[in-house]
>>> print(open('target_23.pdb').read())   # PDB, C-alpha atoms
ATOM      1  CA  MET A  19     -16.274  -1.351  15.854
ATOM      2  CA  ILE A  20     -16.174  -1.852  12.109
ATOM      3  CA  ALA A  21     -12.405  -2.210  12.298
ATOM      4  CA  ALA A  22     -13.016  -5.850  13.151
ATOM      5  CA  THR A  23     -13.796  -6.556   9.512
ATOM      6  CA  THR A  24     -11.411  -6.362   6.590
ATOM      7  CA  LEU A  25     -11.745  -3.579   4.052
ATOM      8  CA  THR A  26     -11.958  -4.881   0.484
ATOM      9  CA  ARG A  27     -12.369  -3.631  -3.077
ATOM     10  CA  ALA A  28     -16.149  -3.727  -2.620
ATOM     11  CA  ASP A  29     -15.929  -1.341   0.356
ATOM     12  CA  LEU A  30     -13.695   1.057  -1.584
ATOM     13  CA  ALA A  31     -16.104   0.981  -4.534
ATOM     14  CA  ASP A  32     -18.978   1.626  -2.130
ATOM     15  CA  SER A  33     -17.192   4.685  -0.701
ATOM     16  CA  VAL A  34     -16.651   6.075  -4.202
ATOM     17  CA  HIS A  35     -20.324   5.403  -4.973
ATOM     18  CA  ARG A  36     -21.481   7.241  -1.823
ATOM     19  CA  GLU A  37     -19.006  10.114  -1.832
ATOM     20  CA  ILE A  38     -18.695  10.880  -5.546
ATOM     21  CA  GLY A  39     -22.123   9.685  -6.644
ATOM     22  CA  LEU A  40     -20.977   7.414  -9.472
ATOM     23  CA  SER A  41     -22.926   4.233 -10.138
ATOM     24  CA  ARG A  42     -21.781   1.122  -8.276
ATOM     25  CA  ALA A  43     -20.555  -0.427 -11.518
ATOM     26  CA  GLU A  44     -18.558   2.634 -12.474
ATOM     27  CA  SER A  45     -17.167   3.033  -8.941
ATOM     28  CA  SER A  46     -16.008  -0.553  -8.994
ATOM     29  CA  LYS A  47     -14.396  -0.037 -12.430
ATOM     30  CA  LEU A  48     -12.469   2.989 -11.135
ATOM     31  CA  ILE A  49     -11.118   1.022  -8.158
ATOM     32  CA  GLU A  50      -9.929  -1.715 -10.526
ATOM     33  CA  GLN A  51      -8.288   0.889 -12.746
ATOM     34  CA  ILE A  52      -6.405   2.471  -9.841
ATOM     35  CA  LEU A  53      -5.084  -0.935  -8.779
ATOM     36  CA  GLY A  54      -4.399  -1.884 -12.392
ATOM     37  CA  PHE A  55      -2.317   1.217 -13.076
ATOM     38  CA  MET A  56      -0.346   0.770  -9.851
ATOM     39  CA  CYS A  57       0.272  -2.922 -10.621
ATOM     40  CA  GLY A  58       1.227  -2.053 -14.195
ATOM     41  CA  ALA A  59       3.773   0.571 -13.184
ATOM     42  CA  LEU A  60       5.341  -1.790 -10.628
ATOM     43  CA  SER A  61       5.461  -4.651 -13.156
ATOM     44  CA  ASP A  62       7.263  -2.271 -15.537
ATOM     45  CA  GLY A  63       9.866  -1.687 -12.841
ATOM     46  CA  GLN A  64       8.634   1.745 -11.765
ATOM     47  CA  ASN A  65       8.258   2.719  -8.122
ATOM     48  CA  VAL A  66       4.883   4.204  -7.221
ATOM     49  CA  LYS A  67       4.842   7.276  -5.000
ATOM     50  CA  ILE A  68       1.592   8.621  -3.578
ATOM     51  CA  SER A  69       2.130  11.833  -1.625
ATOM     52  CA  GLY A  70       0.461  11.779   1.790
ATOM     53  CA  PHE A  71       0.196   7.982   1.704
ATOM     54  CA  GLY A  72       3.493   6.319   0.918
ATOM     55  CA  SER A  73       5.809   4.782  -1.662
ATOM     56  CA  PHE A  74       5.798   1.321  -3.184
ATOM     57  CA  VAL A  75       9.466   0.623  -3.735
ATOM     58  CA  LEU A  76      10.974  -2.194  -5.792
ATOM     59  CA  ARG A  77      14.154  -3.830  -4.566
ATOM     60  CA  ASP A  78      16.355  -6.230  -6.492
ATOM     61  CA  LYS A  79      17.696  -9.043  -4.339
ATOM     62  CA  GLY A  80      20.826 -10.902  -5.300
ATOM     63  CA  GLU A  81      21.154 -14.671  -5.401
ATOM     64  CA  ARG A  82      21.890 -16.333  -2.078
ATOM     65  CA  VAL A  83      22.114 -19.786  -0.612
ATOM     66  CA  GLY A  84      19.094 -20.771   1.418
ATOM     67  CA  ARG A  85      18.349 -23.898   3.374
ATOM     68  CA  ASN A  86      15.262 -26.053   3.550
ATOM     69  CA  PRO A  87      14.465 -25.599   7.246
ATOM     70  CA  LYS A  88      12.982 -29.093   7.490
ATOM     71  CA  THR A  89      15.704 -31.126   5.780
ATOM     72  CA  GLY A  90      18.683 -28.781   6.157
ATOM     73  CA  VAL A  91      19.468 -29.196   2.453
ATOM     74  CA  GLU A  92      21.079 -26.134   0.863
ATOM     75  CA  VAL A  93      19.183 -24.674  -2.077
ATOM     76  CA  PRO A  94      20.104 -21.659  -4.203
ATOM     77  CA  ILE A  95      17.622 -18.771  -3.996
ATOM     78  CA  GLU A  96      17.385 -17.065  -7.377
ATOM     79  CA  PRO A  97      17.891 -13.305  -7.715
ATOM     80  CA  ARG A  98      14.458 -11.730  -7.539
ATOM     81  CA  ARG A  99      12.604  -8.452  -7.347
ATOM     82  CA  VAL A 100      10.567  -7.697  -4.233
ATOM     83  CA  LEU A 101       8.063  -4.984  -3.400
ATOM     84  CA  THR A 102       8.206  -2.978  -0.187
ATOM     85  CA  PHE A 103       5.931  -0.244   1.087
ATOM     86  CA  ARG A 104       7.273   2.774   2.889
ATOM     87  CA  ALA A 105       4.461   4.731   4.541
ATOM     88  CA  SER A 106       4.657   8.532   4.425
ATOM     89  CA  GLN A 107       5.314  10.427   7.639
ATOM     90  CA  MET A 108       1.738  11.719   7.398
ATOM     91  CA  LEU A 109       0.274   8.209   7.445
ATOM     92  CA  ARG A 110       2.640   7.093  10.229
ATOM     93  CA  ASP A 111       1.641  10.094  12.350
ATOM     94  CA  ARG A 112      -2.050   9.470  11.720
ATOM     95  CA  ILE A 113      -1.741   5.872  12.942
ATOM     96  CA  VAL A 114       0.335   6.819  15.988
ATOM     97  CA  LYS A 115      -2.145   9.566  16.950
ATOM     98  CA  ALA A 116      -5.084   7.168  16.629
ATOM     99  CA  GLY A 117      -3.313   5.069  19.296
TER     100      GLY A 117
ATOM    101  CA  MET B   3       4.789   6.810 -11.179
ATOM    102  CA  ILE B   4       3.571   9.539  -8.864
ATOM    103  CA  ARG B   5       0.056  10.460  -7.785
ATOM    104  CA  SER B   6      -0.450  13.068 -10.522
ATOM    105  CA  GLU B   7       0.557  10.530 -13.189
ATOM    106  CA  LEU B   8      -1.970   8.068 -11.798
ATOM    107  CA  VAL B   9      -4.624  10.805 -12.004
ATOM    108  CA  GLN B  10      -3.657  11.507 -15.642
ATOM    109  CA  LYS B  11      -3.921   7.838 -16.596
ATOM    110  CA  LEU B  12      -7.355   7.578 -14.981
ATOM    111  CA  ALA B  13      -8.490  10.775 -16.714
ATOM    112  CA  ALA B  14      -7.399   9.395 -20.092
ATOM    113  CA  GLU B  15      -9.505   6.251 -19.535
ATOM    114  CA  ASN B  16     -12.553   8.131 -18.248
ATOM    115  CA  ALA B  17     -13.268  11.051 -20.547
ATOM    116  CA  ASP B  18     -16.790  11.270 -19.078
ATOM    117  CA  LEU B  19     -15.456  12.256 -15.631
ATOM    118  CA  SER B  20     -14.196  15.707 -14.655
ATOM    119  CA  ALA B  21     -10.622  16.199 -13.470
ATOM    120  CA  LYS B  22     -12.056  17.177 -10.096
ATOM    121  CA  ASP B  23     -13.985  13.905  -9.794
ATOM    122  CA  ILE B  24     -10.879  11.867 -10.646
ATOM    123  CA  GLU B  25      -8.931  13.735  -7.961
ATOM    124  CA  ARG B  26     -11.671  13.045  -5.429
ATOM    125  CA  ILE B  27     -11.829   9.361  -6.349
ATOM    126  CA  VAL B  28      -8.070   8.957  -5.841
ATOM    127  CA  ASP B  29      -8.384  10.804  -2.518
ATOM    128  CA  VAL B  30     -11.230   8.548  -1.371
ATOM    129  CA  PHE B  31      -9.220   5.451  -2.307
ATOM    130  CA  PHE B  32      -6.136   6.334  -0.249
ATOM    131  CA  ASP B  33      -8.115   8.026   2.563
ATOM    132  CA  GLU B  34     -10.278   4.960   3.149
ATOM    133  CA  ILE B  35      -7.194   2.755   3.398
ATOM    134  CA  SER B  36      -5.474   5.240   5.750
ATOM    135  CA  ALA B  37      -8.588   5.561   7.924
ATOM    136  CA  ARG B  38      -8.920   1.804   8.274
ATOM    137  CA  LEU B  39      -5.259   1.504   9.232
ATOM    138  CA  ALA B  40      -5.733   4.234  11.852
ATOM    139  CA  GLU B  41      -8.639   2.185  13.301
ATOM    140  CA  GLY B  42      -6.286  -0.752  13.601
ATOM    141  CA  GLY B  43      -8.039  -2.642  10.801
ATOM    142  CA  ARG B  44      -6.855  -4.499   7.767
ATOM    143  CA  ILE B  45      -7.273  -3.891   4.016
ATOM    144  CA  GLU B  46      -7.107  -6.809   1.631
ATOM    145  CA  LEU B  47      -6.823  -6.201  -2.107
ATOM    146  CA  ARG B  48      -6.573  -9.557  -3.863
ATOM    147  CA  GLY B  49      -3.882  -9.670  -6.501
ATOM    148  CA  PHE B  50      -2.253  -6.527  -5.109
ATOM    149  CA  GLY B  51      -1.602  -7.023  -1.417
ATOM    150  CA  ALA B  52      -2.793  -6.413   2.122
ATOM    151  CA  PHE B  53      -2.288  -3.453   4.452
ATOM    152  CA  SER B  54      -2.276  -3.805   8.221
ATOM    153  CA  THR B  55      -0.532  -2.325  11.234
ATOM    154  CA  ARG B  56       2.023  -3.938  13.499
ATOM    155  CA  ALA B  57       2.772  -3.160  17.099
ATOM    156  CA  ARG B  58       6.197  -1.866  18.025
ATOM    157  CA  GLY B  59       7.130  -2.071  21.674
ATOM    158  CA  GLY B  60       8.493   0.939  23.521
ATOM    159  CA  ARG B  61      12.262   1.195  23.697
ATOM    160  CA  THR B  62      15.030   3.420  24.940
ATOM    161  CA  GLY B  63      16.401   5.337  22.007
ATOM    162  CA  ARG B  64      19.142   7.865  21.741
ATOM    163  CA  ASN B  65      19.256  11.346  20.324
ATOM    164  CA  PRO B  66      21.850  10.793  17.578
ATOM    165  CA  ARG B  67      23.152  14.330  17.947
ATOM    166  CA  THR B  68      23.613  14.513  21.705
ATOM    167  CA  GLY B  69      23.774  10.825  22.596
ATOM    168  CA  GLU B  70      21.153  11.478  25.240
ATOM    169  CA  ALA B  71      18.829   8.546  26.100
ATOM    170  CA  VAL B  72      15.127   9.120  25.320
ATOM    171  CA  GLU B  73      12.129   6.862  25.933
ATOM    172  CA  VAL B  74      10.336   5.922  22.707
ATOM    173  CA  ASP B  75       6.692   4.949  23.338
ATOM    174  CA  ALA B  76       5.087   1.775  21.999
ATOM    175  CA  LYS B  77       3.282   2.487  18.722
ATOM    176  CA  ARG B  78       1.644   0.955  15.702
ATOM    177  CA  VAL B  79       3.325   1.148  12.316
ATOM    178  CA  PRO B  80       1.805   0.517   8.881
ATOM    179  CA  TYR B  81       2.716  -2.714   7.105
ATOM    180  CA  PHE B  82       2.103  -3.924   3.544
ATOM    181  CA  LYS B  83       2.400  -7.491   2.332
ATOM    182  CA  PRO B  84       2.374  -7.849  -1.457
ATOM    183  CA  GLY B  85      -0.063 -10.452  -2.803
ATOM    184  CA  LYS B  86       1.066 -13.634  -4.485
ATOM    185  CA  GLU B  87       0.016 -12.490  -7.960
ATOM    186  CA  MET B  88       1.832  -9.193  -7.480
ATOM    187  CA  ARG B  89       5.020 -10.947  -6.354
ATOM    188  CA  GLU B  90       4.874 -13.221  -9.365
ATOM    189  CA  ARG B  91       4.245 -10.365 -11.801
ATOM    190  CA  LEU B  92       7.421  -8.647 -10.605
ATOM    191  CA  ASN B  93       9.514 -11.664 -11.593
ATOM    192  CA  VAL B  94       8.391 -12.691 -15.062
TER     193      VAL B  94
END
>>> encode(input="target_23.pdb", output="structure tokens")
Amino acid sequence: MIAATTLTRADLADSVHREIGLSRAESSKLIEQILGFMCGALSDGQNVKISGFGSFVLRDKGERVGRNPKTGVEVPIEPRRVLTFRASQMLRDRIVKAG
Amino acid sequence: MIRSELVQKLAAENADLSAKDIERIVDVFFDEISARLAEGGRIELRGFGAFSTRARGGRTGRNPRTGEAVEVDAKRVPYFKPGKEMRERLNV
């Protein structure tokens, strides 16, 4: 089925175009804005929580000593901020039910 | 930021659209991603990240209250991998 292909921005814009009736250009702009606002909030250090979908949660990792797996040389890994996604129970259930 | 704040920001940028349309657009966005995940597909949003599902094998779990063993079926769980640009933006 269509699931073989990867869904992209263009597909999302197309859905907005078909379902809401906005022009393709405007639909595409709206998709960019949604992603832009989510990216912006996360870059500002804010978690993003979308009810019924899930939460994008920032986590601050402390410094640790890593190792180059090829050479075995120890290298410090700087403290950094990482992004994790926690799907809502609704989304988890939907995926489990779909099998 | 929560969903309603995202809707407000979009409304402020798009005075020509009704509040109802903005709501529907946000719904379409997250519904399309959810639907594709349910189909077992993948969603790739350059600069943001990629959504996919991962298989979890069945296992024997335990009811934490009673300690009773229960079989947990194999299932698929949603997974998100942040894009390179996103990861870099978080650490500037």
>>> residues_around(input="target_23.pdb", residues="Gly60 of chain B", least_positions_apart="6", cutoff="10 Å", atoms="all atoms listed in the file", output="list of chain:residue names")
B:Glu73, B:Val74, B:Asp75, B:Ala76, B:Lys77
>>> atom_distance(input="target_23.pdb", atom1="atom CA of Pro84 of chain B", atom2="atom CA of Leu40 of chain A")
29.0 Å
>>> closest_residue(input="target_23.pdb", among="A:Arg85, A:Arg42, A:Arg99, A:Lys47", to="chain B", atoms="all atoms listed in the file")
A:Arg99
>>> resolve_selection(input="target_23.pdb", expression="the ChimeraX specification (/B :<7) & /A", output="number ranges by chain")
A: 21-22, 24-27, 30, 34, 55, 59, 61, 64-69, 71, 98-101, 103, 105, 109-110, 112-114, 116
>>> axis_aligned_box(input="target_23.pdb", around="segment 32-49 of chain A", padding_each_side="6 Å", output="lines of an AutoDock Vina configuration file")
center_x = -17.0
center_y = 5.2
center_z = -6.6
size_x = 23.8
size_y = 23.4
size_z = 23.8
>>> atom_distance(input="target_23.pdb", atom1="atom CA of Ala31 of chain A", atom2="atom CA of Met108 of chain A")
24.0 Å
>>> residues_around(input="target_23.pdb", residues="Ala71 of chain B", least_positions_apart="6", cutoff="12 Å", atoms="all atoms listed in the file", output="ChimeraX atom specification")
/B:61-65
>>> atom_distance(input="target_23.pdb", atom1="atom CA of Leu76 of chain A", atom2="atom CA of Thr102 of chain A")
6.3 Å
>>> closest_residue(input="target_23.pdb", among="B:Val72, B:Ala57, B:Ala13, B:Ala21", to="Ile52 of chain A", atoms="all atoms listed in the file")
B:Ala13
>>> decode(input="target_23.pdb", residues="segment 44-72 of chain A", atoms="N, CA and C atoms", output="PDB file, in the first residue's frame")
ATOM      1  N   GLU A  44      -0.385  28.291  -0.137  1.00  0.00           N
ATOM      2  CA  GLU A  44      -0.735  28.661   1.235  1.00  0.00           C
ATOM      3  C   GLU A  44      -0.668  27.444   2.166  1.00  0.00           C
ATOM      4  N   SER A  45      -1.088  26.284   1.651  1.00  0.00           N
ATOM      5  CA  SER A  45      -1.042  25.054   2.446  1.00  0.00           C
ATOM      6  C   SER A  45       0.393  24.744   2.843  1.00  0.00           C
ATOM      7  N   SER A  46       1.281  24.894   1.880  1.00  0.00           N
ATOM      8  CA  SER A  46       2.687  24.626   2.112  1.00  0.00           C
ATOM      9  C   SER A  46       3.274  25.612   3.140  1.00  0.00           C
ATOM     10  N   LYS A  47       2.841  26.878   3.052  1.00  0.00           N
ATOM     11  CA  LYS A  47       3.288  27.899   4.009  1.00  0.00           C
ATOM     12  C   LYS A  47       2.844  27.541   5.430  1.00  0.00           C
ATOM     13  N   LEU A  48       1.593  27.072   5.558  1.00  0.00           N
ATOM     14  CA  LEU A  48       1.079  26.706   6.881  1.00  0.00           C
ATOM     15  C   LEU A  48       1.860  25.548   7.497  1.00  0.00           C
ATOM     16  N   ILE A  49       2.216  24.565   6.674  1.00  0.00           N
ATOM     17  CA  ILE A  49       2.996  23.420   7.165  1.00  0.00           C
ATOM     18  C   ILE A  49       4.354  23.906   7.677  1.00  0.00           C
ATOM     19  N   GLU A  50       4.981  24.799   6.909  1.00  0.00           N
ATOM     20  CA  GLU A  50       6.269  25.360   7.335  1.00  0.00           C
ATOM     21  C   GLU A  50       6.127  26.120   8.649  1.00  0.00           C
ATOM     22  N   GLN A  51       5.017  26.852   8.774  1.00  0.00           N
ATOM     23  CA  GLN A  51       4.807  27.634  10.000  1.00  0.00           C
ATOM     24  C   GLN A  51       4.628  26.713  11.220  1.00  0.00           C
ATOM     25  N   ILE A  52       3.881  25.641  11.041  1.00  0.00           N
ATOM     26  CA  ILE A  52       3.688  24.710  12.166  1.00  0.00           C
ATOM     27  C   ILE A  52       5.051  24.180  12.616  1.00  0.00           C
ATOM     28  N   LEU A  53       5.840  23.712  11.641  1.00  0.00           N
ATOM     29  CA  LEU A  53       7.166  23.179  11.981  1.00  0.00           C
ATOM     30  C   LEU A  53       8.065  24.268  12.560  1.00  0.00           C
ATOM     31  N   GLY A  54       7.963  25.459  11.996  1.00  0.00           N
ATOM     32  CA  GLY A  54       8.777  26.584  12.465  1.00  0.00           C
ATOM     33  C   GLY A  54       8.473  26.947  13.911  1.00  0.00           C
ATOM     34  N   PHE A  55       7.195  26.995  14.255  1.00  0.00           N
ATOM     35  CA  PHE A  55       6.823  27.339  15.632  1.00  0.00           C
ATOM     36  C   PHE A  55       7.243  26.240  16.606  1.00  0.00           C
ATOM     37  N   MET A  56       7.137  24.987  16.172  1.00  0.00           N
ATOM     38  CA  MET A  56       7.551  23.889  17.065  1.00  0.00           C
ATOM     39  C   MET A  56       9.070  23.933  17.268  1.00  0.00           C
ATOM     40  N   CYS A  57       9.803  24.112  16.164  1.00  0.00           N
ATOM     41  CA  CYS A  57      11.268  24.219  16.237  1.00  0.00           C
ATOM     42  C   CYS A  57      11.685  25.396  17.121  1.00  0.00           C
ATOM     43  N   GLY A  58      10.992  26.525  16.927  1.00  0.00           N
ATOM     44  CA  GLY A  58      11.313  27.735  17.677  1.00  0.00           C
ATOM     45  C   GLY A  58      11.134  27.542  19.174  1.00  0.00           C
ATOM     46  N   ALA A  59      10.011  26.940  19.553  1.00  0.00           N
ATOM     47  CA  ALA A  59       9.746  26.715  20.979  1.00  0.00           C
ATOM     48  C   ALA A  59      10.818  25.803  21.572  1.00  0.00           C
ATOM     49  N   LEU A  60      11.157  24.730  20.835  1.00  0.00           N
ATOM     50  CA  LEU A  60      12.162  23.783  21.334  1.00  0.00           C
ATOM     51  C   LEU A  60      13.535  24.454  21.437  1.00  0.00           C
ATOM     52  N   SER A  61      13.868  25.279  20.451  1.00  0.00           N
ATOM     53  CA  SER A  61      15.163  25.988  20.484  1.00  0.00           C
ATOM     54  C   SER A  61      15.221  26.949  21.665  1.00  0.00           C
ATOM     55  N   ASP A  62      14.055  27.480  22.056  1.00  0.00           N
ATOM     56  CA  ASP A  62      13.988  28.380  23.219  1.00  0.00           C
ATOM     57  C   ASP A  62      13.994  27.610  24.534  1.00  0.00           C
ATOM     58  N   GLY A  63      14.040  26.286  24.445  1.00  0.00           N
ATOM     59  CA  GLY A  63      14.084  25.487  25.669  1.00  0.00           C
ATOM     60  C   GLY A  63      12.718  25.089  26.199  1.00  0.00           C
ATOM     61  N   GLN A  64      11.681  25.274  25.364  1.00  0.00           N
ATOM     62  CA  GLN A  64      10.332  24.895  25.812  1.00  0.00           C
ATOM     63  C   GLN A  64       9.962  23.516  25.275  1.00  0.00           C
ATOM     64  N   ASN A  65       9.358  22.694  26.102  1.00  0.00           N
ATOM     65  CA  ASN A  65       8.811  21.430  25.620  1.00  0.00           C
ATOM     66  C   ASN A  65       7.574  21.750  24.786  1.00  0.00           C
ATOM     67  N   VAL A  66       7.234  20.855  23.867  1.00  0.00           N
ATOM     68  CA  VAL A  66       6.047  21.054  23.045  1.00  0.00           C
ATOM     69  C   VAL A  66       5.103  19.886  23.300  1.00  0.00           C
ATOM     70  N   LYS A  67       3.880  20.222  23.723  1.00  0.00           N
ATOM     71  CA  LYS A  67       2.925  19.166  24.069  1.00  0.00           C
ATOM     72  C   LYS A  67       1.675  19.288  23.208  1.00  0.00           C
ATOM     73  N   ILE A  68       1.423  18.251  22.409  1.00  0.00           N
ATOM     74  CA  ILE A  68       0.267  18.248  21.521  1.00  0.00           C
ATOM     75  C   ILE A  68      -0.683  17.155  22.003  1.00  0.00           C
ATOM     76  N   SER A  69      -1.815  17.568  22.578  1.00  0.00           N
ATOM     77  CA  SER A  69      -2.728  16.575  23.149  1.00  0.00           C
ATOM     78  C   SER A  69      -3.227  15.637  22.052  1.00  0.00           C
ATOM     79  N   GLY A  70      -3.314  14.364  22.349  1.00  0.00           N
ATOM     80  CA  GLY A  70      -3.770  13.374  21.381  1.00  0.00           C
ATOM     81  C   GLY A  70      -2.665  12.870  20.478  1.00  0.00           C
ATOM     82  N   PHE A  71      -1.506  13.524  20.516  1.00  0.00           N
ATOM     83  CA  PHE A  71      -0.384  13.114  19.659  1.00  0.00           C
ATOM     84  C   PHE A  71       0.821  12.717  20.507  1.00  0.00           C
ATOM     85  N   GLY A  72       1.361  13.689  21.224  1.00  0.00           N
ATOM     86  CA  GLY A  72       2.497  13.366  22.086  1.00  0.00           C
ATOM     87  C   GLY A  72       3.245  14.611  22.515  1.00  0.00           C
TER      88      GLY A  72
END
